[in-house]
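Trainee: Take a look at run.pdb, PDB, C-alpha atoms:
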```pdb
ATOM      1  CA  MET A   1     -21.498  -3.839 -17.360  1.00  0.00           C
ATOM      2  CA  GLU A   2     -20.694  -6.590 -19.840  1.00  0.00           C
ATOM      3  CA  LEU A   3     -20.946 -10.265 -18.905  1.00  0.00           C
ATOM      4  CA  GLN A   4     -17.175 -10.778 -18.872  1.00  0.00           C
ATOM      5  CA  ASP A   5     -16.771  -7.827 -16.497  1.00  0.00           C
ATOM      6  CA  ILE A   6     -19.443  -9.242 -14.195  1.00  0.00           C
ATOM      7  CA  MET A   7     -17.746 -12.637 -14.175  1.00  0.00           C
ATOM      8  CA  ARG A   8     -14.398 -11.010 -13.493  1.00  0.00           C
ATOM      9  CA  GLU A   9     -15.846  -9.195 -10.485  1.00  0.00           C
ATOM     10  CA  GLU A  10     -17.493 -12.358  -9.177  1.00  0.00           C
ATOM     11  CA  ASN A  11     -14.224 -14.305  -9.434  1.00  0.00           C
ATOM     12  CA  LYS A  12     -12.074 -11.589  -7.902  1.00  0.00           C
ATOM     13  CA  VAL A  13     -10.404 -12.666  -4.675  1.00  0.00           C
ATOM     14  CA  TYR A  14      -8.283  -9.575  -4.026  1.00  0.00           C
ATOM     15  CA  SER A  15      -8.202  -5.928  -5.051  1.00  0.00           C
ATOM     16  CA  LYS A  16      -5.696  -3.133  -4.604  1.00  0.00           C
ATOM     17  CA  PRO A  17      -6.473  -1.153  -1.446  1.00  0.00           C
ATOM     18  CA  VAL A  18      -8.741   1.790  -2.218  1.00  0.00           C
ATOM     19  CA  LEU A  19      -6.480   4.231  -0.385  1.00  0.00           C
ATOM     20  CA  LEU A  20      -3.305   3.131  -2.168  1.00  0.00           C
ATOM     21  CA  ASP A  21      -2.718   5.684  -4.914  1.00  0.00           C
ATOM     22  CA  GLU A  22      -2.134   4.729  -8.552  1.00  0.00           C
ATOM     23  CA  VAL A  23       1.477   5.909  -8.666  1.00  0.00           C
ATOM     24  CA  HIS A  24       4.828   4.259  -9.230  1.00  0.00           C
ATOM     25  CA  MET A  25       6.587   3.588  -5.938  1.00  0.00           C
ATOM     26  CA  HIS A  26      10.169   4.772  -5.603  1.00  0.00           C
ATOM     27  CA  TYR A  27      11.174   1.955  -3.267  1.00  0.00           C
ATOM     28  CA  CYS A  28      13.731  -0.593  -4.429  1.00  0.00           C
ATOM     29  CA  PRO A  29      12.421  -3.980  -5.629  1.00  0.00           C
ATOM     30  CA  GLY A  30      12.113  -6.249  -2.606  1.00  0.00           C
ATOM     31  CA  CYS A  31      11.776  -3.371  -0.126  1.00  0.00           C
ATOM     32  CA  SER A  32       9.403  -3.953   2.775  1.00  0.00           C
ATOM     33  CA  HIS A  33       7.995  -0.414   2.718  1.00  0.00           C
ATOM     34  CA  GLY A  34       5.548  -1.175  -0.100  1.00  0.00           C
ATOM     35  CA  VAL A  35       3.982  -4.036   1.835  1.00  0.00           C
ATOM     36  CA  VAL A  36       3.634  -1.927   4.970  1.00  0.00           C
ATOM     37  CA  HIS A  37       2.062   0.890   2.929  1.00  0.00           C
ATOM     38  CA  LYS A  38      -0.467  -1.566   1.556  1.00  0.00           C
ATOM     39  CA  LEU A  39      -1.367  -2.787   5.036  1.00  0.00           C
ATOM     40  CA  VAL A  40      -1.829   0.733   6.403  1.00  0.00           C
ATOM     41  CA  ALA A  41      -4.040   1.628   3.433  1.00  0.00           C
ATOM     42  CA  GLU A  42      -6.114  -1.542   3.854  1.00  0.00           C
ATOM     43  CA  VAL A  43      -6.629  -1.060   7.571  1.00  0.00           C
ATOM     44  CA  LEU A  44      -7.610   2.596   7.308  1.00  0.00           C
ATOM     45  CA  ASP A  45     -10.087   1.823   4.534  1.00  0.00           C
ATOM     46  CA  GLU A  46     -11.603  -1.189   6.291  1.00  0.00           C
ATOM     47  CA  MET A  47     -11.995   0.824   9.505  1.00  0.00           C
ATOM     48  CA  GLY A  48     -13.584   3.741   7.638  1.00  0.00           C
ATOM     49  CA  LEU A  49     -10.907   6.173   8.827  1.00  0.00           C
ATOM     50  CA  ALA A  50      -9.902   7.728   5.504  1.00  0.00           C
ATOM     51  CA  GLU A  51     -11.511  11.085   6.257  1.00  0.00           C
ATOM     52  CA  LYS A  52     -10.273  11.416   9.839  1.00  0.00           C
ATOM     53  CA  THR A  53      -6.662  10.197   9.612  1.00  0.00           C
ATOM     54  CA  VAL A  54      -3.525  12.346   9.502  1.00  0.00           C
ATOM     55  CA  GLY A  55      -0.162  10.767   8.749  1.00  0.00           C
ATOM     56  CA  VAL A  56       3.200  12.314   9.569  1.00  0.00           C
ATOM     57  CA  SER A  57       6.195  11.393   7.421  1.00  0.00           C
ATOM     58  CA  PRO A  58       9.705  12.592   8.277  1.00  0.00           C
ATOM     59  CA  VAL A  59      12.994  12.306   6.384  1.00  0.00           C
ATOM     60  CA  GLY A  60      14.354   8.986   5.123  1.00  0.00           C
ATOM     61  CA  CYS A  61      13.095   6.298   2.775  1.00  0.00           C
ATOM     62  CA  ALA A  62       9.625   6.852   4.249  1.00  0.00           C
ATOM     63  CA  VAL A  63       9.535  10.548   3.382  1.00  0.00           C
ATOM     64  CA  PHE A  64       7.326  10.052   0.315  1.00  0.00           C
ATOM     65  CA  ALA A  65       4.678   8.007   2.102  1.00  0.00           C
ATOM     66  CA  TYR A  66       2.274  10.852   1.413  1.00  0.00           C
ATOM     67  CA  ASN A  67       2.471  10.026  -2.300  1.00  0.00           C
ATOM     68  CA  TYR A  68       1.075   6.554  -1.807  1.00  0.00           C
ATOM     69  CA  ILE A  69      -1.617   6.520   0.895  1.00  0.00           C
ATOM     70  CA  ASP A  70      -4.592   8.771   0.214  1.00  0.00           C
ATOM     71  CA  VAL A  71      -5.121  10.429   3.598  1.00  0.00           C
ATOM     72  CA  ASP A  72      -4.068  13.831   4.923  1.00  0.00           C
ATOM     73  CA  TRP A  73      -0.335  14.146   5.559  1.00  0.00           C
ATOM     74  CA  VAL A  74       2.131  16.507   7.195  1.00  0.00           C
ATOM     75  CA  GLU A  75       5.853  16.245   6.500  1.00  0.00           C
ATOM     76  CA  ALA A  76       8.077  16.686   9.542  1.00  0.00           C
ATOM     77  CA  ALA A  77      11.742  17.560   9.915  1.00  0.00           C
ATOM     78  CA  HIS A  78      14.081  14.623  10.399  1.00  0.00           C
ATOM     79  CA  GLY A  79      13.209  12.832  13.640  1.00  0.00           C
ATOM     80  CA  ARG A  80      10.469  15.248  14.658  1.00  0.00           C
ATOM     81  CA  ALA A  81       7.442  13.216  13.572  1.00  0.00           C
ATOM     82  CA  PRO A  82       6.279  12.348  17.124  1.00  0.00           C
ATOM     83  CA  ALA A  83       6.440  16.032  18.100  1.00  0.00           C
ATOM     84  CA  VAL A  84       4.437  17.072  15.048  1.00  0.00           C
ATOM     85  CA  ALA A  85       1.982  14.222  15.617  1.00  0.00           C
ATOM     86  CA  THR A  86       1.568  15.382  19.212  1.00  0.00           C
ATOM     87  CA  ALA A  87       0.521  18.842  18.067  1.00  0.00           C
ATOM     88  CA  ILE A  88      -1.926  17.472  15.483  1.00  0.00           C
ATOM     89  CA  SER A  89      -3.488  15.030  17.939  1.00  0.00           C
ATOM     90  CA  ARG A  90      -3.943  17.712  20.579  1.00  0.00           C
ATOM     91  CA  LEU A  91      -5.355  20.280  18.162  1.00  0.00           C
ATOM     92  CA  TRP A  92      -7.691  17.806  16.435  1.00  0.00           C
ATOM     93  CA  PRO A  93      -8.408  15.137  19.084  1.00  0.00           C
ATOM     94  CA  ASP A  94     -11.184  13.579  17.009  1.00  0.00           C
ATOM     95  CA  ASN A  95      -8.697  12.617  14.286  1.00  0.00           C
ATOM     96  CA  VAL A  96      -6.479   9.533  14.213  1.00  0.00           C
ATOM     97  CA  VAL A  97      -2.799  10.496  13.936  1.00  0.00           C
ATOM     98  CA  PHE A  98       0.108   8.226  13.046  1.00  0.00           C
ATOM     99  CA  THR A  99       3.793   8.554  12.252  1.00  0.00           C
ATOM    100  CA  TYR A 100       5.613   6.455   9.674  1.00  0.00           C
ATOM    101  CA  GLN A 101       9.322   6.294  10.540  1.00  0.00           C
ATOM    102  CA  GLY A 102      12.519   4.428   9.781  1.00  0.00           C
ATOM    103  CA  ASP A 103      15.200   3.377  12.254  1.00  0.00           C
ATOM    104  CA  GLY A 104      17.559   6.270  11.496  1.00  0.00           C
ATOM    105  CA  ASP A 105      14.705   8.698  12.063  1.00  0.00           C
ATOM    106  CA  MET A 106      13.007   7.148  15.075  1.00  0.00           C
ATOM    107  CA  ALA A 107      16.030   5.689  16.870  1.00  0.00           C
ATOM    108  CA  ALA A 108      18.743   8.250  16.066  1.00  0.00           C
ATOM    109  CA  ILE A 109      17.972  11.910  15.428  1.00  0.00           C
ATOM    110  CA  GLY A 110      14.433  11.483  16.770  1.00  0.00           C
ATOM    111  CA  THR A 111      15.189   9.474  19.904  1.00  0.00           C
ATOM    112  CA  ALA A 112      14.186  12.277  22.285  1.00  0.00           C
ATOM    113  CA  GLU A 113      10.913  13.026  20.493  1.00  0.00           C
ATOM    114  CA  THR A 114      10.071   9.333  20.301  1.00  0.00           C
ATOM    115  CA  ILE A 115      10.693   8.579  23.965  1.00  0.00           C
ATOM    116  CA  HIS A 116       9.035  11.682  25.383  1.00  0.00           C
ATOM    117  CA  ALA A 117       5.924  11.435  23.197  1.00  0.00           C
ATOM    118  CA  ALA A 118       5.513   7.820  24.252  1.00  0.00           C
ATOM    119  CA  ASN A 119       6.217   8.627  27.891  1.00  0.00           C
ATOM    120  CA  ARG A 120       3.527  11.329  27.835  1.00  0.00           C
ATOM    121  CA  GLY A 121       1.113   8.797  26.364  1.00  0.00           C
ATOM    122  CA  GLU A 122       0.245  10.918  23.352  1.00  0.00           C
ATOM    123  CA  ASN A 123      -2.734   9.417  21.558  1.00  0.00           C
ATOM    124  CA  ILE A 124      -0.804   8.533  18.403  1.00  0.00           C
ATOM    125  CA  VAL A 125       0.314   5.469  16.470  1.00  0.00           C
ATOM    126  CA  MET A 126       3.998   5.057  15.639  1.00  0.00           C
ATOM    127  CA  ILE A 127       4.751   2.725  12.731  1.00  0.00           C
ATOM    128  CA  PHE A 128       8.459   1.962  12.827  1.00  0.00           C
ATOM    129  CA  VAL A 129      10.196   0.240   9.895  1.00  0.00           C
ATOM    130  CA  ASN A 130      13.494  -1.217  11.131  1.00  0.00           C
ATOM    131  CA  ASN A 131      15.862  -2.399   8.399  1.00  0.00           C
ATOM    132  CA  ALA A 132      19.064  -1.853  10.425  1.00  0.00           C
ATOM    133  CA  ILE A 133      20.647   0.584   7.976  1.00  0.00           C
ATOM    134  CA  TYR A 134      20.389   4.070   6.513  1.00  0.00           C
ATOM    135  CA  GLY A 135      18.845   3.145   3.171  1.00  0.00           C
ATOM    136  CA  MET A 136      18.217   6.510   1.506  1.00  0.00           C
ATOM    137  CA  THR A 137      21.595   8.129   2.129  1.00  0.00           C
ATOM    138  CA  GLY A 138      23.932   5.358   1.049  1.00  0.00           C
ATOM    139  CA  GLY A 139      23.836   2.409   3.429  1.00  0.00           C
ATOM    140  CA  GLN A 140      25.551   3.823   6.516  1.00  0.00           C
ATOM    141  CA  MET A 141      25.375   2.229   9.960  1.00  0.00           C
ATOM    142  CA  ALA A 142      22.143   2.940  11.843  1.00  0.00           C
ATOM    143  CA  PRO A 143      21.502   2.693  15.593  1.00  0.00           C
ATOM    144  CA  THR A 144      19.813  -0.648  14.912  1.00  0.00           C
ATOM    145  CA  THR A 145      22.664  -2.122  12.815  1.00  0.00           C
ATOM    146  CA  LEU A 146      23.660  -5.521  14.185  1.00  0.00           C
ATOM    147  CA  VAL A 147      27.037  -6.296  15.733  1.00  0.00           C
ATOM    148  CA  GLY A 148      29.298  -7.500  12.939  1.00  0.00           C
ATOM    149  CA  GLN A 149      27.010  -6.180  10.204  1.00  0.00           C
ATOM    150  CA  LYS A 150      28.848  -4.506   7.335  1.00  0.00           C
ATOM    151  CA  THR A 151      27.674  -1.109   6.137  1.00  0.00           C
ATOM    152  CA  ALA A 152      29.168   1.800   4.217  1.00  0.00           C
ATOM    153  CA  THR A 153      30.566   3.217   7.464  1.00  0.00           C
ATOM    154  CA  THR A 154      31.383  -0.140   9.091  1.00  0.00           C
ATOM    155  CA  PRO A 155      33.050  -1.981   6.193  1.00  0.00           C
ATOM    156  CA  TYR A 156      34.525  -4.567   8.576  1.00  0.00           C
ATOM    157  CA  GLY A 157      31.372  -4.921  10.620  1.00  0.00           C
ATOM    158  CA  ARG A 158      29.891  -3.052  13.575  1.00  0.00           C
ATOM    159  CA  ARG A 159      32.101  -3.246  16.663  1.00  0.00           C
ATOM    160  CA  ILE A 160      30.775  -2.852  20.201  1.00  0.00           C
ATOM    161  CA  ASP A 161      33.970  -1.190  21.423  1.00  0.00           C
ATOM    162  CA  LEU A 162      33.855   1.389  18.634  1.00  0.00           C
ATOM    163  CA  ASN A 163      30.174   1.719  17.680  1.00  0.00           C
ATOM    164  CA  GLY A 164      28.323   0.494  20.752  1.00  0.00           C
ATOM    165  CA  HIS A 165      25.451  -1.956  20.958  1.00  0.00           C
ATOM    166  CA  PRO A 166      22.401  -1.928  18.658  1.00  0.00           C
ATOM    167  CA  LEU A 167      19.688   0.326  20.081  1.00  0.00           C
ATOM    168  CA  GLU A 168      16.515  -1.649  20.689  1.00  0.00           C
ATOM    169  CA  ILE A 169      14.297   1.413  20.748  1.00  0.00           C
ATOM    170  CA  THR A 170      11.054  -0.578  20.942  1.00  0.00           C
ATOM    171  CA  ASN A 171      12.288  -2.291  24.107  1.00  0.00           C
ATOM    172  CA  LEU A 172      12.839   1.147  25.636  1.00  0.00           C
ATOM    173  CA  LEU A 173       9.293   2.225  24.826  1.00  0.00           C
ATOM    174  CA  ALA A 174       7.460  -0.828  26.176  1.00  0.00           C
ATOM    175  CA  PRO A 175       7.996  -0.125  29.918  1.00  0.00           C
ATOM    176  CA  LEU A 176       6.883   3.513  29.655  1.00  0.00           C
ATOM    177  CA  ALA A 177       3.601   4.316  31.387  1.00  0.00           C
ATOM    178  CA  GLY A 178       2.278   6.165  28.337  1.00  0.00           C
ATOM    179  CA  THR A 179       2.432   3.240  25.916  1.00  0.00           C
ATOM    180  CA  CYS A 180      -0.548   0.903  25.706  1.00  0.00           C
ATOM    181  CA  TYR A 181       0.572  -1.375  22.868  1.00  0.00           C
ATOM    182  CA  VAL A 182       4.104  -2.155  21.690  1.00  0.00           C
ATOM    183  CA  THR A 183       4.697  -4.940  19.207  1.00  0.00           C
ATOM    184  CA  ARG A 184       7.373  -6.164  16.812  1.00  0.00           C
ATOM    185  CA  GLN A 185       6.306  -7.831  13.578  1.00  0.00           C
ATOM    186  CA  ALA A 186       7.590  -8.517  10.026  1.00  0.00           C
ATOM    187  CA  VAL A 187       6.269  -8.878   6.466  1.00  0.00           C
ATOM    188  CA  HIS A 188       8.533 -11.556   4.961  1.00  0.00           C
ATOM    189  CA  THR A 189       5.871 -14.269   4.661  1.00  0.00           C
ATOM    190  CA  PRO A 190       2.085 -14.285   4.095  1.00  0.00           C
ATOM    191  CA  ALA A 191       1.544 -15.356   7.698  1.00  0.00           C
ATOM    192  CA  ALA A 192       3.754 -12.535   8.960  1.00  0.00           C
ATOM    193  CA  VAL A 193       1.901 -10.045   6.767  1.00  0.00           C
ATOM    194  CA  ARG A 194      -1.416 -11.091   8.314  1.00  0.00           C
ATOM    195  CA  LYS A 195      -0.021 -10.663  11.837  1.00  0.00           C
ATOM    196  CA  THR A 196       1.354  -7.238  10.991  1.00  0.00           C
ATOM    197  CA  LYS A 197      -1.976  -6.149   9.553  1.00  0.00           C
ATOM    198  CA  ALA A 198      -3.711  -7.259  12.755  1.00  0.00           C
ATOM    199  CA  ALA A 199      -1.148  -5.321  14.798  1.00  0.00           C
ATOM    200  CA  ILE A 200      -1.668  -2.149  12.758  1.00  0.00           C
ATOM    201  CA  LYS A 201      -5.426  -2.496  13.138  1.00  0.00           C
ATOM    202  CA  LYS A 202      -5.129  -2.902  16.900  1.00  0.00           C
ATOM    203  CA  ALA A 203      -2.922   0.184  17.080  1.00  0.00           C
ATOM    204  CA  PHE A 204      -5.532   2.291  15.279  1.00  0.00           C
ATOM    205  CA  GLU A 205      -8.279   0.838  17.469  1.00  0.00           C
ATOM    206  CA  ASN A 206      -6.287   2.022  20.482  1.00  0.00           C
ATOM    207  CA  ALA A 207      -6.044   5.485  18.951  1.00  0.00           C
ATOM    208  CA  LEU A 208      -9.809   5.604  18.468  1.00  0.00           C
ATOM    209  CA  ALA A 209     -10.286   4.549  22.081  1.00  0.00           C
ATOM    210  CA  LYS A 210      -7.701   7.140  23.241  1.00  0.00           C
ATOM    211  CA  ARG A 211      -5.643   4.608  25.180  1.00  0.00           C
ATOM    212  CA  GLY A 212      -2.289   6.313  24.656  1.00  0.00           C
ATOM    213  CA  THR A 213       0.689   5.577  22.413  1.00  0.00           C
ATOM    214  CA  SER A 214       0.839   2.458  20.242  1.00  0.00           C
ATOM    215  CA  VAL A 215       4.074   1.347  18.572  1.00  0.00           C
ATOM    216  CA  VAL A 216       4.246  -1.167  15.713  1.00  0.00           C
ATOM    217  CA  GLU A 217       7.812  -2.062  14.761  1.00  0.00           C
ATOM    218  CA  VAL A 218       8.197  -3.921  11.467  1.00  0.00           C
ATOM    219  CA  VAL A 219      11.545  -5.717  11.186  1.00  0.00           C
ATOM    220  CA  SER A 220      12.371  -5.277   7.519  1.00  0.00           C
ATOM    221  CA  THR A 221      14.931  -5.798   4.788  1.00  0.00           C
ATOM    222  CA  CYS A 222      17.005  -3.355   2.767  1.00  0.00           C
ATOM    223  CA  ASN A 223      18.367  -5.580   0.051  1.00  0.00           C
ATOM    224  CA  SER A 224      19.936  -2.618  -1.768  1.00  0.00           C
ATOM    225  CA  GLY A 225      21.739  -1.382   1.333  1.00  0.00           C
ATOM    226  CA  TRP A 226      22.627  -4.913   2.353  1.00  0.00           C
ATOM    227  CA  LYS A 227      23.750  -5.648  -1.229  1.00  0.00           C
ATOM    228  CA  MET A 228      21.656  -8.816  -1.489  1.00  0.00           C
ATOM    229  CA  SER A 229      18.863 -10.146  -3.629  1.00  0.00           C
ATOM    230  CA  PRO A 230      15.387  -9.810  -2.100  1.00  0.00           C
ATOM    231  CA  GLU A 231      15.304 -13.548  -1.375  1.00  0.00           C
ATOM    232  CA  ALA A 232      18.744 -13.533   0.229  1.00  0.00           C
ATOM    233  CA  ALA A 233      17.810 -10.454   2.276  1.00  0.00           C
ATOM    234  CA  ASN A 234      14.722 -12.199   3.661  1.00  0.00           C
ATOM    235  CA  ASN A 235      16.834 -15.215   4.604  1.00  0.00           C
ATOM    236  CA  TRP A 236      19.491 -13.019   6.235  1.00  0.00           C
ATOM    237  CA  MET A 237      16.845 -11.138   8.197  1.00  0.00           C
ATOM    238  CA  THR A 238      15.293 -14.364   9.432  1.00  0.00           C
ATOM    239  CA  GLU A 239      18.647 -15.828  10.441  1.00  0.00           C
ATOM    240  CA  HIS A 240      20.224 -12.744  12.025  1.00  0.00           C
ATOM    241  CA  MET A 241      17.812  -9.878  12.757  1.00  0.00           C
ATOM    242  CA  PHE A 242      15.141 -11.915  14.513  1.00  0.00           C
ATOM    243  CA  LYS A 243      17.737 -12.945  17.119  1.00  0.00           C
ATOM    244  CA  GLU A 244      18.337  -9.303  18.054  1.00  0.00           C
ATOM    245  CA  TYR A 245      14.753  -8.212  17.398  1.00  0.00           C
ATOM    246  CA  PRO A 246      12.462 -11.164  18.229  1.00  0.00           C
ATOM    247  CA  LEU A 247       8.917 -10.902  16.926  1.00  0.00           C
ATOM    248  CA  GLY A 248       5.875 -10.635  19.148  1.00  0.00           C
ATOM    249  CA  ASP A 249       4.075  -8.311  21.543  1.00  0.00           C
ATOM    250  CA  LEU A 250       6.207  -6.476  24.074  1.00  0.00           C
ATOM    251  CA  LYS A 251       3.201  -4.793  25.693  1.00  0.00           C
ATOM    252  CA  ASN A 252      -0.518  -5.255  25.194  1.00  0.00           C
ATOM    253  CA  GLN A 253      -2.830  -3.535  27.648  1.00  0.00           C
TER     254      GLN A 253
END
```
Would you write the structure of this file as structure tokens?

Mentor:
Amino acid sequence: MELQDIMREENKVYSKPVLLDEVHMHYCPGCSHGVVHKLVAEVLDEMGLAEKTVGVSPVGCAVFAYNYIDVDWVEAAHGRAPAVATAISRLWPDNVVFTYQGDGDMAAIGTAETIHAANRGENIVMIFVNNAIYGMTGGQMAPTTLVGQKTATTPYGRRIDLNGHPLEITNLLAPLAGTCYVTRQAVHTPAAVRKTKAAIKKAFENALAKRGTSVVEVVSTCNSGWKMSPEAANNWMTEHMFKEYPLGDLKNQ
């Protein structure tokens, strides 16, 4: 190794996570998914879990997660990730199994699978990215869309009398006997990123200790679906989404 390479290594303060593949991400600029991918890759590498982790990605913006994080993956049908993860965890109990899901997947078509897997206390980790909209399919209203929020299918804003209330799926999971850790975090600032990384690590520690189901919700932006710049989307999330989805632990046993 040449001297300049040695000096570069000595001065390095940060490196790309080992488990994050060298591929171009398909996510829109400003999307929160890339940050969450990085955190999952970092945690799994730092915990030495690369060879014993299985991820489950369903349909939605998160469907291509298997292209980016270098662990074993299974793709599930839309909403069925917790059911598939249940099978994997039971068949290979020595492995760590996690799902990576969006709000349309986890809180709409997959509501039954989500609730029943958590209620059974399946030894899995659910990572839930909540950006309050269907991002991949054109910006339609999601179960988590806020009251008054404009989407492709609610051009005048979500109405309670017509569309119902936002579904706070994480709040439904926290009281269940099978969940051991339920938390809501974000990745819009460096401090928030550090808290989310700690939450993801704790969730995987619970999986190793076979404590039951851990849920990490990440309140996120979809600047493309919201039709905002990344900066404006972060500001809108802070001002509006955190009121409906306040950050912090909902359950920590």

Trainee: Can you list what the PyMOL selection byres ((chain A and resi 88-93) around 12) grabs from this structure, as a PyMOL selection string?

Mentor: chain A and resi 52-56+72-76+81-87+94-99+117+121-125+207-210+212-213

Trainee: Quick one: residues within 8 Å of A:Gly138, only C-alpha atoms, excluding same-chain residues fewer than 3 positions away - as a ChimeraX atom specification?

Mentor: /A:134-135,152,225

Trainee: Please dump the current selection as a CSV table (one decimal), keeping the file's coordinate frame; keep C-alpha atoms.

Mentor:
```
chain,number,residue,atom,x,y,z
A,134,TYR,CA,20.4,4.1,6.5
A,135,GLY,CA,18.8,3.1,3.2
A,152,ALA,CA,29.2,1.8,4.2
A,225,GLY,CA,21.7,-1.4,1.3
```

Trainee: List the residues selected by the PyMOL selection byres ((chain A and resi 14-28) around 8) in the file shown, writing them as a PyMOL selection string.

Mentor: chain A and resi 12-13+29-31+33-34+37-38+41-42+44-45+50+61+67-71+224

Trainee: To one decimal in Å, tell me the separation between atom CA of A:Ser220 and atom CA of A:Met141.

Mentor: 15.2 Å

Trainee: Can you spell out as a PyMOL selection string the set of residues that the PyMOL selection byres ((chain A and resi 226) around 9) selects in the structure I just provided?

Mentor: chain A and resi 133+135+139+150-151+221-225+227-229+233

Trainee: Write out as a PyMOL selection string each polymer residue whose atoms come within 12 Å of A:Asn252, counting only C-alpha atoms; drop sequence neighbours fewer than 6 positions from it.

Mentor: chain A and resi 174-175+179-184+199+202-203+206+211-216

Trainee: Just want the 8 Å neighbourhood of A:Gln149, counted on all atoms listed in the file, with same-chain residues fewer than 6 positions away dropped. Output as a PDB file with C-alpha atoms, keeping the file's coordinate frame.

Mentor:
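The resulting file, part.pdb, is shown below:
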```
ATOM      1  CA  TYR A 156      34.525  -4.567   8.576  1.00  0.00           C
ATOM      2  CA  GLY A 157      31.372  -4.921  10.620  1.00  0.00           C
ATOM      3  CA  ARG A 158      29.891  -3.052  13.575  1.00  0.00           C
TER       4      ARG A 158
END
```

Trainee: One decimal, in Å: what's the spacing between atom CA of A:Pro58 and atom CA of A:Val43?

Mentor: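 For atom CA of A:Pro58 relative to atom CA of A:Val43, the distance reads 21.3 Å.
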
Trainee: Near A:Val218, within 9 Å and counting all atoms listed in the file, which residues show up once chain neighbours fewer than 2 positions away are dropped, as a VMD selection string?

Mentor: chain A and resid 32 36 127 to 131 183 to 187 196 216 220 247

Trainee: What is the atom CA of A:Asn119 to atom CA of A:Gly104 distance in Å?

Mentor: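 According to the coordinates, atom CA of A:Asn119 and atom CA of A:Gly104 are separated by 20.1 Å.
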
Trainee: When you count all atoms listed in the file, which of these residues is closest to A:Met136: A:Gly60, A:Pro246, A:Ala232, A:Val219?

Mentor: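 Smallest distance to A:Met136 is found for A:Gly60.
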
Trainee: I'd like the neighbourhood of A:Met47 as JSON, numbers by chain, where a residue qualifies if any of its atoms comes within 10 Å (using only C-alpha atoms), though same-chain residues fewer than 6 positions away should be ignored.

Mentor: {"A": [201, 204, 205]}
